[in-house]
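Peer 1: Okay, here's the structure, questions in a sec.
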Number of protein chains: 4
Amino acid sequence: MIFTSDNAAGVAPDILAALARANAGAAASYGADEITRRLQARFAEIFEREVLVHPVATGTAANALAIATLTPPYGAVFCHAEAHVNVDECGAPEMFSGGAKLIALHGAHGKIAADTLAAALANYRAGDVHQVQPACLTLTQSTEAGTVYTLDEIAALGAAAKARGLGFHMDGARFANALVSLGCTPAEMTWKAGVDVLSFGATKNGAMAAEAVVFFDPALAADFEFRRKRAGHLFSKMRFLSAQLDAYLDGGLWLKLARHANTMAARLASGLRGVEGAVISAPVEANEIFVRLPQATIKRLRAAGAAFHPWPGAGDGADGHTVRLVTSFATSEAEVDGFLAVARGG
Amino acid sequence: MIFTSDNAAGVAPDILAALARANAGAAASYGADEITRRLQARFAEIFEREVLVHPVATGTAANALAIATLTPPYGAVFCHAEAHVNVDECGAPEMFSGGAKLIALHGAHGKIAADTLAAALANYRAGDVHQVQPACLTLTQSTEAGTVYTLDEIAALGAAAKARGLGFHMDGARFANALVSLGCTPAEMTWKAGVDVLSFGATKNGAMAAEAVVFFDPALAADFEFRRKRAGHLFSKMRFLSAQLDAYLDGGLWLKLARHANTMAARLASGLRGVEGAVISAPVEANEIFVRLPQATIKRLRAAGAAFHPWPGAGDGADGHTVRLVTSFATSEAEVDGFLAVARGG
Amino acid sequence: MIFTSDNAAGVAPDILAALARANAGAAASYGADEITRRLQARFAEIFEREVLVHPVATGTAANALAIATLTPPYGAVFCHAEAHVNVDECGAPEMFSGGAKLIALHGAHGKIAADTLAAALANYRAGDVHQVQPACLTLTQSTEAGTVYTLDEIAALGAAAKARGLGFHMDGARFANALVSLGCTPAEMTWKAGVDVLSFGATKNGAMAAEAVVFFDPALAADFEFRRKRAGHLFSKMRFLSAQLDAYLDGGLWLKLARHANTMAARLASGLRGVEGAVISAPVEANEIFVRLPQATIKRLRAAGAAFHPWPGAGDGADGHTVRLVTSFATSEAEVDGFLAVARGG
Amino acid sequence: MIFTSDNAAGVAPDILAALARANAGAAASYGADEITRRLQARFAEIFEREVLVHPVATGTAANALAIATLTPPYGAVFCHAEAHVNVDECGAPEMFSGGAKLIALHGAHGKIAADTLAAALANYRAGDVHQVQPACLTLTQSTEAGTVYTLDEIAALGAAAKARGLGFHMDGARFANALVSLGCTPAEMTWKAGVDVLSFGATKNGAMAAEAVVFFDPALAADFEFRRKRAGHLFSKMRFLSAQLDAYLDGGLWLKLARHANTMAARLASGLRGVEGAVISAPVEANEIFVRLPQATIKRLRAAGAAFHPWPGAGDGADGHTVRLVTSFATSEAEVDGFLAVARGG
């Protein structure tokens, strides 16, 4: 009953098998190999247009490198106050950008409203040297609150961003979970809504350590490759990063894995609605649940071996607090049902 | 007949198998797992003392992070002019340190002489705010010229560094190759000779993507962990980095792999001495050979399918130039002998 | 009727005269001159203890350099949301610190409450590598809202900061204005309340371009001097910076100038209370007034030649908006009274 | 008999008088004042074309900001090994550029030969992500060895730089001294020879603290203004920086001051040729002399009150060493002759 993180899961068997296959013989290093080359076509097909794809190993690297291509050191990067880039990356975007400033915007359920972005932008005078200059917007899809931006919401934010000349980055650490939740195409959720650069996550959804930075505007990738190398994120044996992504996309594996995770979250959320004292904080639209539970319930669950993280939330106190429950491709129905049985009570 | 790089090789079978084993079940993320914990003891045993070990995925990350812990932004980092950190990492040490300055020292066969370091240090006045301040020394072992510093050479450099309060970093991208070449212990080649932080390489010698930053002085590691996370080099599914290192060290695999690579290089060097017009540039002490070959020989080798990189060298010209030949754990005797047969001609 | 900024004023005559005096003959450069040496004793006397004093030419330099000595690149710097360092320095603290993160705290009238700081600090887990680490607190005295922290308020903030090991910086761009407002000693307003480093402003109060960074803890100054040089803020002809500060402090000139500016602000505020439709936003405790005026009044004032900046405020709209009025050592009673006469209407 | 530095001199009387004049009344801050506006036309006239001019207070700031506009963080900046930016600015270019790499080139008498630059550039493969990328060339005119590049030399270097797409910066800390030495126009010595950005020095030649960054290509200045503010180098009371530059240029004062300094250096050099054991290291073409003197002579000079700095040079040893003698606008014939009398020997 492990619900601490989708990082707690291992590697999907098909992806592990692909690593073994990729190990046959010698290969050109630093991305000049066949598998990496093949990735470009795979992503072009999935996104229905030419793209530039660069694999990296961590989500923090993908985000920080992508953002650094979109902002000068004196730029302002607009994000949600709870965004991973803002609170969980130890200042990586600031480091990679040479000290750009993240502007934290507030909004319910982990989402920025287009009006909120527009209002924040109105505080910045173009060309005023005393102020950092609006440079980019970064959204997380699915969000840190387990919700999913609708296509209209993304498009409205994209329009607000473009109106001021901002670049638009999407942190897709849980891109697949959002995609199957919306039931739309990858193109619709990204470049058709204005996204310029995507951190395409695979690690949380079954890869070992593989993300792709996807550029929809090739010009923006101009300095990305130097930044990646300079940050120590260019792998010598790149084929093993690329093989993960290749297998991840092959035959729709990524969607299958994400669908399973989301289904497990929905099952868990559904069951929690019948648990006395449980209050779910935000709509469960992907594979994360934030739920306030009575202390006694939490204690009982931990005693039964359930693992999960406390998460600061509204209404936390002596009689109950909020916890985060994350499902993954590896979560079983038995785990969910076991958890619910203990939660319901005994 | 692939002699382009030890990066062209894949993963040693035992290490690949370890990845599969590590995939069983869930595990705590970000290094709180069992395999990562076990690494500390493994390294302590190998280095005959307590150490702090932090896995990362690339050599550039290991070097840049280690160096950044040893220098303020206004520090001077002394290295060989041909050092990987100086010419092959696109400025990673500068980025990670916030703009420290690499001071390139010259010396035959990729080695810095202790006298050269001392003379360079004499140019810096302690406390003179106009100058960057000497902060650390970084050596590559084995060197970029395929040679190996002797224990006495390392100790003399360490003494010169310590005399000015410098930190001492070793770039051990090919640590195992140097170790089996010298036939000494890991302790002798590092902390007993004054090394404070080691980039312990495994990728070039059979891992998929795994290096360890080893701190002999725990105080120096104080801010390393924040810097690693901030640079996007903390892996969520860390167990898979650690499993590579664990298998690499298990049962002396690392030494066996390095010994094989060195043996192949020696065999190749030996054979080259009989090739007409071939001039080996530097003593072959590890798994790299730099050899000037006649153009006709080079042409014949390429036609036969041999792969290797040209490498700028003394005496290059119309009638011949220098190439680099790198052997690895995966190089076979047949490859070596085949190469030599073509080189010898006809 | 210039109320745009205390920067619009020129140089106090005594300070200009001191520059001419300082010009006699040759002098050692980069701060080794007599006048600079003398400054140390002057500041020691004023602050009733040994201090380390380093002149720079701008407030942004003073703040950014001071903050950079108090935080690692992965540090969190707590400040008011409206703080100059946060909104008016184009990211200077981020640049000088190598990408530290400013955490914007809210509070009425430009002030942070100690509870607000404590609550913010509670969000950070010491040693959690995913988060930037609390490193320092910076307060502006007098504040950007024209108010002044009381000694108790500073001490409470200092205590909250020290409880988490934070360094404590004070941006004293209008230090003298706050000091004469409180009627306390410089020691009471700084180190006795926990301040570690002070940006001691003189430019806004009659100097040409001179600020002093004052270290109460000499250990904190360890790397300041290198950072200053590296940032291009070490003056070759330093005597001319030091001469400004020397004359500024001589015979209490600084207090006299600040007292005048504050008196003019009080006179202006007092008169504004009789202006129809005028609403002063915050207590007028130093030399800045933020006042909402009817549009007709603003129009009339501008027509009469009064100069001032609009300043976004609560209740701004079609019928009126907020403006900032700043007085200085050079503001005359006639200017104030003339402004009021026009504002009142007639 | 002060020959330590042109920084030891004070301010030329006309410039001091201009500061007093500039102090009349209020003025717009941050460069929106009349004197600053006037500067643009002054420089346009002097350089015979439209330019963008931005005053700063120190040469280090001018250089580091100019270079940072010409290079990405992963850029290579080519300079002479002895260049001020390379050895006397504590890493300022590295800080301002976000970690670009200075590539030190060697050449006699402080000069880089065009062939040397071309050879160095040949080591860099465009687009090779492992290498920093050639971004700009920076020359010092007059050089750190007291010599002056000829127009042909500058043009040849400019051509070599442009052939690889490099930006071209000139560190003109002693621009006027070089100009009167060559007897050419400012246009000839800069943009007509390919210079894109100039650090136009005034401080060493009679200003208090004033330099101008002059952009010949307006597009290059695009982000300069943000970088200047962010580095704390935008002065609030800018009129006092601008007034120095205005007076410096007025009526050819700058050329008069430089001519005097050069004349004094020539007189000193001429006299030194008659001093037994004196060996001048480099052609004396501006206002600096590097001369090896017998120890006894040095001792005698110091005893007589002459001030100058030792400077490491070829042939230094027990019987003599090299010293640097710098003349300025304030050096008198009497000082020179007095120095020579003592040197010749008593």
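If you're wondering about the labels, chains in the structure tokens are A, B, ... by order shown, residues count from 1 in each chain, ligands from 1 in order shown.
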Would you mind listing, for every residue of chain B within 7 Å of chain C, the two atoms forming the shortest contact and the distance between them in Å to one decimal, using only C-alpha atoms, sorted by chain and ascending residue number, as a Markdown table?
Peer 2:
```
| residue | atom | partner | partner_atom | distance |
| --- | --- | --- | --- | --- |
| B:Tyr74 | CA | C:Phe226 | CA | 6.8 |
| B:Gly98 | CA | C:Gly98 | CA | 5.9 |
| B:Val129 | CA | C:Phe226 | CA | 5.1 |
| B:His130 | CA | C:Lys229 | CA | 6.6 |
| B:Glu225 | CA | C:Val129 | CA | 6.5 |
| B:Phe226 | CA | C:Val129 | CA | 5.1 |
| B:Lys229 | CA | C:Val129 | CA | 6.3 |
```
Peer 1: Find the residues around region 337-345 of chain A up to 8 Å (only C-alpha atoms counted), leave out those fewer than 3 positions away in its own chain, and share them as a list in words.
Peer 2: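 That gives Met1, Leu268, Gly271, Leu272, Gly274, Val275, Glu276, Thr297, Ile298, Arg300, Leu301, Ala304, Ala306, Glu333 and Ala334 of chain A.
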Peer 1: For a quick check of understanding, using only C-alpha atoms, which of B:His80, B:Lys256, B:Arg38, B:Arg164 has the smallest distance to Ile112 (chain B)?
Peer 2: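 Of B:His80, B:Lys256, B:Arg38, B:Arg164, the one nearest Ile112 (chain B) is B:His80, counting only C-alpha atoms.
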Peer 1: Go ahead and compute the interatomic distance for CA of Glu335 (chain A) and CA of Asn287 (chain A), in Å to one decimal.
Peer 2: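 That distance, rounded to one decimal, is 14.5 Å.
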Peer 1: I'd like to know which residues of region 128-245 of chain A are helix (DSSP H, G or I) (by DSSP, run on the backbone); could you write them as number ranges by chain?
Peer 2: A: 151-163, 175-182, 186-189, 191-193, 203-205, 218-221, 224-230, 239-245
Peer 1: Using N, CA and C atoms, can you export the residues from the last selection as a compact mmCIF listing (two decimals), in the first residue's frame?
Peer 2:
```
# COMPACT_ATOMS: atom_id res chain seq x y z
N LEU A 151 -8.37 22.37 -22.05
CA LEU A 151 -7.75 22.96 -23.24
C LEU A 151 -8.05 24.45 -23.32
N ASP A 152 -9.25 24.82 -22.96
CA ASP A 152 -9.59 26.24 -22.99
C ASP A 152 -8.77 27.04 -22.00
N GLU A 153 -8.57 26.49 -20.85
CA GLU A 153 -7.76 27.19 -19.84
C GLU A 153 -6.32 27.39 -20.33
N ILE A 154 -5.77 26.34 -20.92
CA ILE A 154 -4.40 26.46 -21.44
C ILE A 154 -4.34 27.51 -22.53
N ALA A 155 -5.32 27.45 -23.43
CA ALA A 155 -5.32 28.39 -24.55
C ALA A 155 -5.47 29.83 -24.05
N ALA A 156 -6.30 30.03 -23.06
CA ALA A 156 -6.48 31.39 -22.53
C ALA A 156 -5.19 31.89 -21.89
N LEU A 157 -4.51 31.03 -21.18
CA LEU A 157 -3.22 31.41 -20.58
C LEU A 157 -2.19 31.66 -21.66
N GLY A 158 -2.20 30.81 -22.66
CA GLY A 158 -1.27 30.99 -23.77
C GLY A 158 -1.49 32.32 -24.46
N ALA A 159 -2.75 32.68 -24.64
CA ALA A 159 -3.06 33.95 -25.31
C ALA A 159 -2.59 35.12 -24.46
N ALA A 160 -2.83 35.04 -23.16
CA ALA A 160 -2.38 36.12 -22.26
C ALA A 160 -0.86 36.23 -22.28
N ALA A 161 -0.21 35.10 -22.35
CA ALA A 161 1.26 35.10 -22.40
C ALA A 161 1.75 35.70 -23.71
N LYS A 162 1.17 35.27 -24.80
CA LYS A 162 1.63 35.74 -26.12
C LYS A 162 1.38 37.24 -26.29
N ALA A 163 0.30 37.72 -25.66
CA ALA A 163 -0.03 39.14 -25.78
C ALA A 163 1.10 40.01 -25.23
N PHE A 175 2.46 14.41 -17.81
CA PHE A 175 1.81 14.76 -19.07
C PHE A 175 0.82 13.68 -19.50
N ALA A 176 1.22 12.45 -19.42
CA ALA A 176 0.37 11.35 -19.89
C ALA A 176 -0.89 11.25 -19.04
N ASN A 177 -0.74 11.46 -17.74
CA ASN A 177 -1.92 11.39 -16.87
C ASN A 177 -2.93 12.47 -17.23
N ALA A 178 -2.43 13.66 -17.57
CA ALA A 178 -3.32 14.74 -17.96
C ALA A 178 -3.98 14.42 -19.30
N LEU A 179 -3.16 13.87 -20.20
CA LEU A 179 -3.65 13.61 -21.55
C LEU A 179 -4.81 12.61 -21.55
N VAL A 180 -4.63 11.51 -20.84
CA VAL A 180 -5.70 10.52 -20.82
C VAL A 180 -6.89 11.05 -20.02
N SER A 181 -6.63 11.94 -19.11
CA SER A 181 -7.73 12.53 -18.35
C SER A 181 -8.60 13.39 -19.26
N LEU A 182 -7.95 14.20 -20.09
CA LEU A 182 -8.69 15.07 -20.99
C LEU A 182 -9.22 14.32 -22.22
N PRO A 186 -2.01 15.01 -27.96
CA PRO A 186 -0.84 15.76 -27.46
C PRO A 186 -0.72 17.13 -28.13
N ALA A 187 -1.04 17.21 -29.38
CA ALA A 187 -0.96 18.50 -30.09
C ALA A 187 -1.94 19.50 -29.49
N GLU A 188 -3.14 19.03 -29.24
CA GLU A 188 -4.15 19.94 -28.66
C GLU A 188 -3.72 20.49 -27.31
N MET A 189 -3.06 19.65 -26.53
CA MET A 189 -2.72 20.06 -25.16
C MET A 189 -1.45 20.91 -25.11
N TRP A 191 1.14 22.65 -28.42
CA TRP A 191 1.38 23.75 -29.35
C TRP A 191 0.11 24.36 -29.92
N LYS A 192 -0.94 23.56 -30.03
CA LYS A 192 -2.18 24.16 -30.54
C LYS A 192 -2.77 25.14 -29.52
N ALA A 193 -2.35 25.01 -28.28
CA ALA A 193 -2.79 25.95 -27.24
C ALA A 193 -1.70 26.97 -26.91
N THR A 203 9.55 9.47 -16.37
CA THR A 203 10.05 8.78 -15.17
C THR A 203 8.93 8.39 -14.22
N LYS A 204 8.02 9.32 -13.93
CA LYS A 204 6.97 9.03 -12.95
C LYS A 204 5.97 8.00 -13.48
N ASN A 205 6.01 7.79 -14.76
CA ASN A 205 5.02 6.92 -15.39
C ASN A 205 5.65 5.65 -15.96
N PRO A 218 11.66 25.62 -33.22
CA PRO A 218 13.08 25.22 -33.31
C PRO A 218 14.03 26.35 -32.91
N ALA A 219 13.63 27.59 -33.18
CA ALA A 219 14.53 28.71 -32.88
C ALA A 219 14.83 28.78 -31.39
N LEU A 220 13.86 28.35 -30.59
CA LEU A 220 14.06 28.41 -29.14
C LEU A 220 15.09 27.40 -28.67
N ALA A 221 15.32 26.38 -29.49
CA ALA A 221 16.27 25.34 -29.08
C ALA A 221 17.70 25.73 -29.38
N PHE A 224 19.77 25.58 -26.35
CA PHE A 224 19.47 24.51 -25.40
C PHE A 224 20.59 23.47 -25.32
N GLU A 225 21.11 23.09 -26.46
CA GLU A 225 22.09 21.99 -26.45
C GLU A 225 23.38 22.36 -25.72
N PHE A 226 23.78 23.62 -25.84
CA PHE A 226 24.95 24.05 -25.08
C PHE A 226 24.64 24.08 -23.59
N ARG A 227 23.46 24.56 -23.27
CA ARG A 227 23.08 24.62 -21.86
C ARG A 227 23.00 23.22 -21.25
N ARG A 228 22.48 22.27 -22.02
CA ARG A 228 22.37 20.91 -21.50
C ARG A 228 23.75 20.33 -21.19
N LYS A 229 24.67 20.47 -22.15
CA LYS A 229 26.01 19.92 -21.93
C LYS A 229 26.66 20.59 -20.72
N ARG A 230 26.57 21.91 -20.70
CA ARG A 230 27.18 22.71 -19.66
C ARG A 230 26.63 22.38 -18.27
N ARG A 239 22.02 6.41 -25.80
CA ARG A 239 21.06 5.42 -26.29
C ARG A 239 20.18 4.86 -25.18
N PHE A 240 20.71 4.85 -23.95
CA PHE A 240 19.93 4.25 -22.87
C PHE A 240 18.85 5.21 -22.33
N LEU A 241 19.03 6.48 -22.51
CA LEU A 241 17.93 7.42 -22.23
C LEU A 241 16.88 7.28 -23.33
N SER A 242 17.38 7.29 -24.55
CA SER A 242 16.46 7.28 -25.69
C SER A 242 15.67 5.98 -25.77
N ALA A 243 16.33 4.89 -25.41
CA ALA A 243 15.63 3.59 -25.45
C ALA A 243 14.44 3.58 -24.50
N GLN A 244 14.58 4.23 -23.38
CA GLN A 244 13.46 4.31 -22.44
C GLN A 244 12.28 5.05 -23.07
N LEU A 245 12.60 6.19 -23.68
CA LEU A 245 11.53 6.99 -24.27
C LEU A 245 10.89 6.27 -25.46
```
Peer 1: Need to verify the contact set: region 10-16 of chain C, 7 Å, only C-alpha atoms, exclusion of same-chain residues closer than 6 positions in sequence. Can you return it as a ChimeraX atom specification?
Peer 2: /C:206-208,244,247-248 /D:23,25-26
Peer 1: Could those selected residues go to a file with C-alpha atoms, as a compact mmCIF listing (two decimals), in the first residue's frame?
Peer 2:
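Once everything was written out, this is out37.txt:
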```txt
# COMPACT_ATOMS: atom_id res chain seq x y z
CA GLY C 206 22.53 64.67 0.21
CA ALA C 207 25.50 62.70 -1.06
CA MET C 208 26.34 62.53 -4.77
CA GLN C 244 31.27 62.12 0.75
CA ALA C 247 31.43 64.98 5.26
CA TYR C 248 27.99 63.43 5.56
CA ASN D 23 24.49 70.62 -8.81
CA GLY D 25 18.59 72.59 -8.73
CA ALA D 26 16.70 69.34 -9.11
```
Peer 1: Using only C-alpha atoms, can you tell me which of A:Leu137, A:Ala66, A:Glu211, A:Ser236 comes closest to Ala27 (chain A)?
Peer 2: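 That would be A:Ser236, the residue with the smallest distance to Ala27 (chain A).
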Peer 1: DSSP on the backbone, strand (DSSP E or B) only: what residues of region 118-320 of chain B does that give? Format it as number ranges by chain.
Peer 2: B: 133-140, 167-172, 197-201, 211-215, 279-280, 288-294, 307, 309-310, 317, 320
Peer 1: Would you please work out which residue, of D:Trp254, D:Phe308, D:Phe168, D:Phe290, is nearest to Ile46 (chain D) when using only C-alpha atoms?
Peer 2: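 Of D:Trp254, D:Phe308, D:Phe168, D:Phe290, the one nearest Ile46 (chain D) is D:Trp254, counting only C-alpha atoms.
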Peer 1: Counting only C-alpha atoms, which of D:Ala173, D:Cys136, D:Leu255, D:Ala269 gets nearest to Thr69 (chain D)?
Peer 2: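 When distances to Thr69 (chain D) are compared using only C-alpha atoms, the smallest one comes from D:Cys136.
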Peer 1: Which neighbours of Thr331 (chain D) fall inside 9 Å, counting only C-alpha atoms, when residues of the same chain fewer than 5 positions from it are skipped, and could you give them as a ChimeraX atom specification?
Peer 2: /D:1-3,9,260-261,264,336
Peer 1: Which neighbours of Val77 (chain C) fall inside 10 Å, counting only C-alpha atoms, when residues of the same chain fewer than 4 positions from it are skipped, and could you give them as a list in words?
Peer 2: Ile67, Ala68, Leu70, Thr71, Pro72, Asn86, Pro93, Glu94, Ala100, Lys101, Leu102, Ile103, Ala104, Val132, Gln133, Pro134, Ala135, Cys136, Leu137, Thr138, Leu166, Gly167, Phe168 and His169 of chain C
Peer 1: Hey, which of C:Met238, C:Val87, C:Ala122, C:Ala24 ends up closest to Arg37 (chain C)? Count only C-alpha atoms.
Peer 2: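 Using only C-alpha atoms, the shortest distance to Arg37 (chain C) belongs to C:Met238.
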Peer 1: Between CA of Ala18 (chain B) and CA of Glu34 (chain B), what is the distance in Å, rounded to a tenth?
Peer 2: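 So the answer is 13.7 Å.
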